[in-house]
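One structure below.
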Amino acid sequence: MNKVLYIFLTILITLSCSKKEEVKFEAFSPEAFAYDIGDSWEVNATVNVKGFVRKEVGEELSASLDYSVDLSGPDSIEVESIFMDSKDVTSGELIDIQLEAQFELDYNSPEGLYQITFNITDNNSGEKTSAQTKFELKK
């Protein structure tokens, strides 16, 4: 009886230790800044993503993300997909991926608070997530 219990507990412990927690697909820590470059504003934005599906490619892992950035601001400014890109990453270990966006705004754009929305799609699962952050234009 003790031997059967020992084997059962060994299997149970092995299974519970090897079980990986599934991480929710999400974007986090978005940041955005605008720089006065003379005749226009350069906007730089980043966001980190985790919980995407990893596919095995040989001995490495691969992930594929598409993303776009929407902009809203003062005077009812609404621009969809002011920036679009994709990121394919292959690495021995993938935990988080940082996405970057860079675009310019006319120097005569109204001063005030702007919002950036990252719209992100995991190409391996079809799941979508988003994240928002704000930045200020001030001359």
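All residue names refer to the structure tokens as shown: chains lettered A, B, ... in order, residues numbered from 1 in each chain, ligands numbered from 1 in order.
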
Write out as a ChimeraX atom specification the residues lying within 9 Å of range 120-122 of chain A, counting only C-alpha atoms and excluding same-chain residues fewer than 2 positions away. /A:25-27,49,52-53,63-69,118,124-131

Please dump the current selection as a PDB file, in the first residue's frame; keep C-alpha atoms.
```pdb
ATOM      1  CA  PHE A  25      -2.192  37.788 -23.974  1.00  0.00           C
ATOM      2  CA  GLU A  26      -1.835  41.410 -22.958  1.00  0.00           C
ATOM      3  CA  ALA A  27      -0.016  44.649 -23.637  1.00  0.00           C
ATOM      4  CA  VAL A  49       3.483  42.347 -24.940  1.00  0.00           C
ATOM      5  CA  PHE A  52       1.476  35.460 -27.176  1.00  0.00           C
ATOM      6  CA  VAL A  53       1.567  32.005 -28.775  1.00  0.00           C
ATOM      7  CA  ALA A  63       6.274  34.685 -32.343  1.00  0.00           C
ATOM      8  CA  SER A  64       4.503  36.898 -34.874  1.00  0.00           C
ATOM      9  CA  LEU A  65       2.615  40.108 -34.064  1.00  0.00           C
ATOM     10  CA  ASP A  66       0.893  42.735 -36.221  1.00  0.00           C
ATOM     11  CA  TYR A  67       0.144  46.130 -34.728  1.00  0.00           C
ATOM     12  CA  SER A  68      -1.195  49.547 -35.552  1.00  0.00           C
ATOM     13  CA  VAL A  69      -1.349  52.821 -33.658  1.00  0.00           C
ATOM     14  CA  PHE A 118      -1.751  50.276 -29.732  1.00  0.00           C
ATOM     15  CA  ASN A 124      -0.276  32.593 -34.294  1.00  0.00           C
ATOM     16  CA  SER A 125      -3.546  32.602 -32.324  1.00  0.00           C
ATOM     17  CA  GLY A 126      -5.662  35.403 -33.826  1.00  0.00           C
ATOM     18  CA  GLU A 127      -6.071  36.959 -30.359  1.00  0.00           C
ATOM     19  CA  LYS A 128      -6.181  40.746 -30.072  1.00  0.00           C
ATOM     20  CA  THR A 129      -5.252  43.160 -27.310  1.00  0.00           C
ATOM     21  CA  SER A 130      -4.718  46.893 -26.951  1.00  0.00           C
ATOM     22  CA  ALA A 131      -3.088  49.469 -24.693  1.00  0.00           C
TER      23      ALA A 131
END
```

Please provide as number ranges by chain all residues within 10 Å of Ser29 in chain A, with the sequence filter that same-chain residues fewer than 6 positions apart are discarded (counting only C-alpha atoms). A: 46-49, 98, 131-133

Just the selected residues (all heavy atoms), exported as a PDB file, in the first residue's frame, please.
```
ATOM      1  N   THR A  46       6.255  53.128 -27.228  1.00  0.00           N
ATOM      2  CA  THR A  46       6.584  51.713 -27.033  1.00  0.00           C
ATOM      3  C   THR A  46       5.521  51.062 -26.164  1.00  0.00           C
ATOM      4  O   THR A  46       4.824  51.720 -25.390  1.00  0.00           O
ATOM      5  CB  THR A  46       7.952  51.526 -26.338  1.00  0.00           C
ATOM      6  OG1 THR A  46       7.913  52.136 -25.054  1.00  0.00           O
ATOM      7  CG2 THR A  46       9.082  52.098 -27.166  1.00  0.00           C
ATOM      8  N   VAL A  47       5.418  49.752 -26.309  1.00  0.00           N
ATOM      9  CA  VAL A  47       4.557  48.940 -25.447  1.00  0.00           C
ATOM     10  C   VAL A  47       5.168  47.542 -25.393  1.00  0.00           C
ATOM     11  O   VAL A  47       5.833  47.108 -26.344  1.00  0.00           O
ATOM     12  CB  VAL A  47       3.098  48.900 -25.967  1.00  0.00           C
ATOM     13  CG1 VAL A  47       2.985  48.134 -27.276  1.00  0.00           C
ATOM     14  CG2 VAL A  47       2.148  48.332 -24.920  1.00  0.00           C
ATOM     15  N   ASN A  48       4.980  46.857 -24.296  1.00  0.00           N
ATOM     16  CA  ASN A  48       5.458  45.485 -24.144  1.00  0.00           C
ATOM     17  C   ASN A  48       4.271  44.534 -24.235  1.00  0.00           C
ATOM     18  O   ASN A  48       3.162  44.881 -23.819  1.00  0.00           O
ATOM     19  CB  ASN A  48       6.163  45.312 -22.796  1.00  0.00           C
ATOM     20  CG  ASN A  48       7.424  46.137 -22.729  1.00  0.00           C
ATOM     21  OD1 ASN A  48       8.340  45.934 -23.512  1.00  0.00           O
ATOM     22  ND2 ASN A  48       7.466  47.092 -21.820  1.00  0.00           N
ATOM     23  N   VAL A  49       4.541  43.337 -24.752  1.00  0.00           N
ATOM     24  CA  VAL A  49       3.483  42.347 -24.940  1.00  0.00           C
ATOM     25  C   VAL A  49       3.946  41.012 -24.356  1.00  0.00           C
ATOM     26  O   VAL A  49       5.106  40.638 -24.485  1.00  0.00           O
ATOM     27  CB  VAL A  49       3.160  42.168 -26.448  1.00  0.00           C
ATOM     28  CG1 VAL A  49       2.029  41.189 -26.655  1.00  0.00           C
ATOM     29  CG2 VAL A  49       2.835  43.505 -27.085  1.00  0.00           C
ATOM     30  N   GLN A  98       8.915  43.862 -27.059  1.00  0.00           N
ATOM     31  CA  GLN A  98       8.649  45.297 -27.065  1.00  0.00           C
ATOM     32  C   GLN A  98       8.347  45.741 -28.490  1.00  0.00           C
ATOM     33  O   GLN A  98       9.077  45.420 -29.424  1.00  0.00           O
ATOM     34  CB  GLN A  98       9.835  46.099 -26.529  1.00  0.00           C
ATOM     35  CG  GLN A  98       9.492  47.579 -26.419  1.00  0.00           C
ATOM     36  CD  GLN A  98      10.595  48.393 -25.776  1.00  0.00           C
ATOM     37  OE1 GLN A  98      11.662  48.549 -26.337  1.00  0.00           O
ATOM     38  NE2 GLN A  98      10.316  48.900 -24.587  1.00  0.00           N
ATOM     39  N   ALA A 131      -3.571  48.688 -25.840  1.00  0.00           N
ATOM     40  CA  ALA A 131      -3.088  49.469 -24.693  1.00  0.00           C
ATOM     41  C   ALA A 131      -3.082  50.929 -25.099  1.00  0.00           C
ATOM     42  O   ALA A 131      -2.855  51.259 -26.266  1.00  0.00           O
ATOM     43  CB  ALA A 131      -1.682  49.021 -24.280  1.00  0.00           C
ATOM     44  N   GLN A 132      -3.348  51.808 -24.124  1.00  0.00           N
ATOM     45  CA  GLN A 132      -3.387  53.245 -24.392  1.00  0.00           C
ATOM     46  C   GLN A 132      -2.391  53.964 -23.486  1.00  0.00           C
ATOM     47  O   GLN A 132      -2.120  53.526 -22.373  1.00  0.00           O
ATOM     48  CB  GLN A 132      -4.779  53.827 -24.108  1.00  0.00           C
ATOM     49  CG  GLN A 132      -5.873  53.332 -25.009  1.00  0.00           C
ATOM     50  CD  GLN A 132      -6.414  51.983 -24.584  1.00  0.00           C
ATOM     51  OE1 GLN A 132      -6.455  51.668 -23.408  1.00  0.00           O
ATOM     52  NE2 GLN A 132      -6.800  51.172 -25.536  1.00  0.00           N
ATOM     53  N   THR A 133      -1.886  55.066 -24.016  1.00  0.00           N
ATOM     54  CA  THR A 133      -1.060  55.966 -23.224  1.00  0.00           C
ATOM     55  C   THR A 133      -1.229  57.378 -23.772  1.00  0.00           C
ATOM     56  O   THR A 133      -1.741  57.558 -24.883  1.00  0.00           O
ATOM     57  CB  THR A 133       0.423  55.544 -23.215  1.00  0.00           C
ATOM     58  OG1 THR A 133       1.126  56.326 -22.251  1.00  0.00           O
ATOM     59  CG2 THR A 133       1.061  55.706 -24.588  1.00  0.00           C
TER      60      THR A 133
END
```

Can you tell me, as a list in words, which residues in chain A count as alpha helix (DSSP H) by DSSP? Asn2, Lys3, Val4, Leu5, Tyr6, Ile7, Phe8, Leu9, Thr10, Ile11, Leu12, Ile13, Thr14, Leu15, Ser16, Cys17 and Ser18 of chain A

Which distance in Å separates CA of Ser76 in chain A and CA of Lys139 in chain A, to one decimal?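 Straight-line distance from CA of Ser76 in chain A to CA of Lys139 in chain A works out to 19.6 Å.
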
Please extract the residues of chain A with a backbone DSSP assignment of strand (DSSP E) and present them as a PDB file with C-alpha atoms, in the first residue's frame.
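Result written to selection_14.pdb:
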```pdb
ATOM      1  CA  GLU A  26      -1.835  41.410 -22.958  1.00  0.00           C
ATOM      2  CA  ALA A  27      -0.016  44.649 -23.637  1.00  0.00           C
ATOM      3  CA  PHE A  28       1.554  46.512 -20.737  1.00  0.00           C
ATOM      4  CA  SER A  29       3.754  49.502 -19.835  1.00  0.00           C
ATOM      5  CA  PRO A  30       2.900  51.744 -22.802  1.00  0.00           C
ATOM      6  CA  GLU A  31       4.888  54.979 -23.097  1.00  0.00           C
ATOM      7  CA  ALA A  32       4.872  57.868 -25.568  1.00  0.00           C
ATOM      8  CA  PHE A  33       6.896  61.048 -25.979  1.00  0.00           C
ATOM      9  CA  ALA A  34       6.874  63.900 -28.497  1.00  0.00           C
ATOM     10  CA  TYR A  35      10.037  65.761 -29.464  1.00  0.00           C
ATOM     11  CA  ASP A  36      10.215  69.148 -31.162  1.00  0.00           C
ATOM     12  CA  SER A  40       7.549  68.982 -36.953  1.00  0.00           C
ATOM     13  CA  TRP A  41       7.008  66.821 -33.870  1.00  0.00           C
ATOM     14  CA  GLU A  42       8.518  63.343 -33.703  1.00  0.00           C
ATOM     15  CA  VAL A  43       6.417  60.949 -31.653  1.00  0.00           C
ATOM     16  CA  ASN A  44       8.013  57.811 -30.222  1.00  0.00           C
ATOM     17  CA  ALA A  45       5.935  55.166 -28.478  1.00  0.00           C
ATOM     18  CA  THR A  46       6.584  51.713 -27.033  1.00  0.00           C
ATOM     19  CA  VAL A  47       4.557  48.940 -25.447  1.00  0.00           C
ATOM     20  CA  ASN A  48       5.458  45.485 -24.144  1.00  0.00           C
ATOM     21  CA  VAL A  49       3.483  42.347 -24.940  1.00  0.00           C
ATOM     22  CA  LYS A  50       3.300  38.977 -23.183  1.00  0.00           C
ATOM     23  CA  LYS A  55       5.698  28.191 -32.124  1.00  0.00           C
ATOM     24  CA  GLU A  56       8.666  25.863 -32.168  1.00  0.00           C
ATOM     25  CA  VAL A  57      11.019  26.392 -35.099  1.00  0.00           C
ATOM     26  CA  GLU A  60      14.014  27.966 -31.056  1.00  0.00           C
ATOM     27  CA  LEU A  61      10.684  29.661 -30.407  1.00  0.00           C
ATOM     28  CA  SER A  62       8.979  32.037 -32.789  1.00  0.00           C
ATOM     29  CA  ALA A  63       6.274  34.685 -32.343  1.00  0.00           C
ATOM     30  CA  SER A  64       4.503  36.898 -34.874  1.00  0.00           C
ATOM     31  CA  LEU A  65       2.615  40.108 -34.064  1.00  0.00           C
ATOM     32  CA  ASP A  66       0.893  42.735 -36.221  1.00  0.00           C
ATOM     33  CA  TYR A  67       0.144  46.130 -34.728  1.00  0.00           C
ATOM     34  CA  SER A  68      -1.195  49.547 -35.552  1.00  0.00           C
ATOM     35  CA  VAL A  69      -1.349  52.821 -33.658  1.00  0.00           C
ATOM     36  CA  ASP A  70      -4.364  55.147 -33.518  1.00  0.00           C
ATOM     37  CA  LEU A  71      -4.055  58.784 -32.438  1.00  0.00           C
ATOM     38  CA  SER A  72      -6.623  61.062 -30.843  1.00  0.00           C
ATOM     39  CA  GLY A  73      -6.140  64.557 -29.534  1.00  0.00           C
ATOM     40  CA  ILE A  77      -8.294  64.857 -33.928  1.00  0.00           C
ATOM     41  CA  GLU A  78      -8.841  61.175 -34.747  1.00  0.00           C
ATOM     42  CA  VAL A  79      -6.340  59.309 -36.941  1.00  0.00           C
ATOM     43  CA  GLU A  80      -6.675  55.549 -37.326  1.00  0.00           C
ATOM     44  CA  SER A  81      -3.552  53.545 -38.143  1.00  0.00           C
ATOM     45  CA  ILE A  82      -1.178  56.507 -38.121  1.00  0.00           C
ATOM     46  CA  PHE A  83       1.499  53.804 -37.814  1.00  0.00           C
ATOM     47  CA  MET A  84       1.426  50.104 -38.804  1.00  0.00           C
ATOM     48  CA  ASP A  85       4.054  47.394 -38.503  1.00  0.00           C
ATOM     49  CA  SER A  86       4.656  43.743 -37.750  1.00  0.00           C
ATOM     50  CA  LYS A  87       7.230  41.997 -35.633  1.00  0.00           C
ATOM     51  CA  ASP A  88       8.447  38.447 -36.106  1.00  0.00           C
ATOM     52  CA  VAL A  89      10.838  37.222 -33.425  1.00  0.00           C
ATOM     53  CA  THR A  90      12.762  33.965 -33.193  1.00  0.00           C
ATOM     54  CA  SER A  91      14.780  33.260 -30.063  1.00  0.00           C
ATOM     55  CA  ASP A  96       8.048  39.609 -23.590  1.00  0.00           C
ATOM     56  CA  ILE A  97       8.303  41.526 -26.859  1.00  0.00           C
ATOM     57  CA  GLN A  98       8.649  45.297 -27.065  1.00  0.00           C
ATOM     58  CA  LEU A  99       6.842  47.018 -29.943  1.00  0.00           C
ATOM     59  CA  GLU A 100       7.908  50.465 -31.137  1.00  0.00           C
ATOM     60  CA  ALA A 101       6.183  53.151 -33.181  1.00  0.00           C
ATOM     61  CA  GLN A 102       7.572  56.388 -34.590  1.00  0.00           C
ATOM     62  CA  PHE A 103       5.780  59.019 -36.642  1.00  0.00           C
ATOM     63  CA  GLU A 104       5.726  62.777 -37.182  1.00  0.00           C
ATOM     64  CA  LEU A 105       3.033  65.357 -36.537  1.00  0.00           C
ATOM     65  CA  ASP A 106       2.827  68.758 -38.196  1.00  0.00           C
ATOM     66  CA  GLY A 112      -2.582  69.636 -25.586  1.00  0.00           C
ATOM     67  CA  LEU A 113      -2.997  66.047 -24.484  1.00  0.00           C
ATOM     68  CA  TYR A 114      -2.959  63.284 -27.123  1.00  0.00           C
ATOM     69  CA  GLN A 115      -3.759  59.607 -26.734  1.00  0.00           C
ATOM     70  CA  ILE A 116      -2.104  56.720 -28.551  1.00  0.00           C
ATOM     71  CA  THR A 117      -3.800  53.335 -28.797  1.00  0.00           C
ATOM     72  CA  PHE A 118      -1.751  50.276 -29.732  1.00  0.00           C
ATOM     73  CA  ASN A 119      -3.914  47.614 -31.462  1.00  0.00           C
ATOM     74  CA  ILE A 120      -2.058  44.295 -31.443  1.00  0.00           C
ATOM     75  CA  THR A 121      -2.834  40.930 -33.057  1.00  0.00           C
ATOM     76  CA  ASP A 122      -1.075  37.653 -32.291  1.00  0.00           C
ATOM     77  CA  LYS A 128      -6.181  40.746 -30.072  1.00  0.00           C
ATOM     78  CA  THR A 129      -5.252  43.160 -27.310  1.00  0.00           C
ATOM     79  CA  SER A 130      -4.718  46.893 -26.951  1.00  0.00           C
ATOM     80  CA  ALA A 131      -3.088  49.469 -24.693  1.00  0.00           C
ATOM     81  CA  GLN A 132      -3.387  53.245 -24.392  1.00  0.00           C
ATOM     82  CA  THR A 133      -1.060  55.966 -23.224  1.00  0.00           C
ATOM     83  CA  LYS A 134      -0.986  59.757 -23.403  1.00  0.00           C
ATOM     84  CA  PHE A 135       1.570  62.399 -24.270  1.00  0.00           C
ATOM     85  CA  GLU A 136       1.492  66.188 -24.396  1.00  0.00           C
ATOM     86  CA  LEU A 137       2.406  68.596 -27.183  1.00  0.00           C
TER      87      LEU A 137
END
```
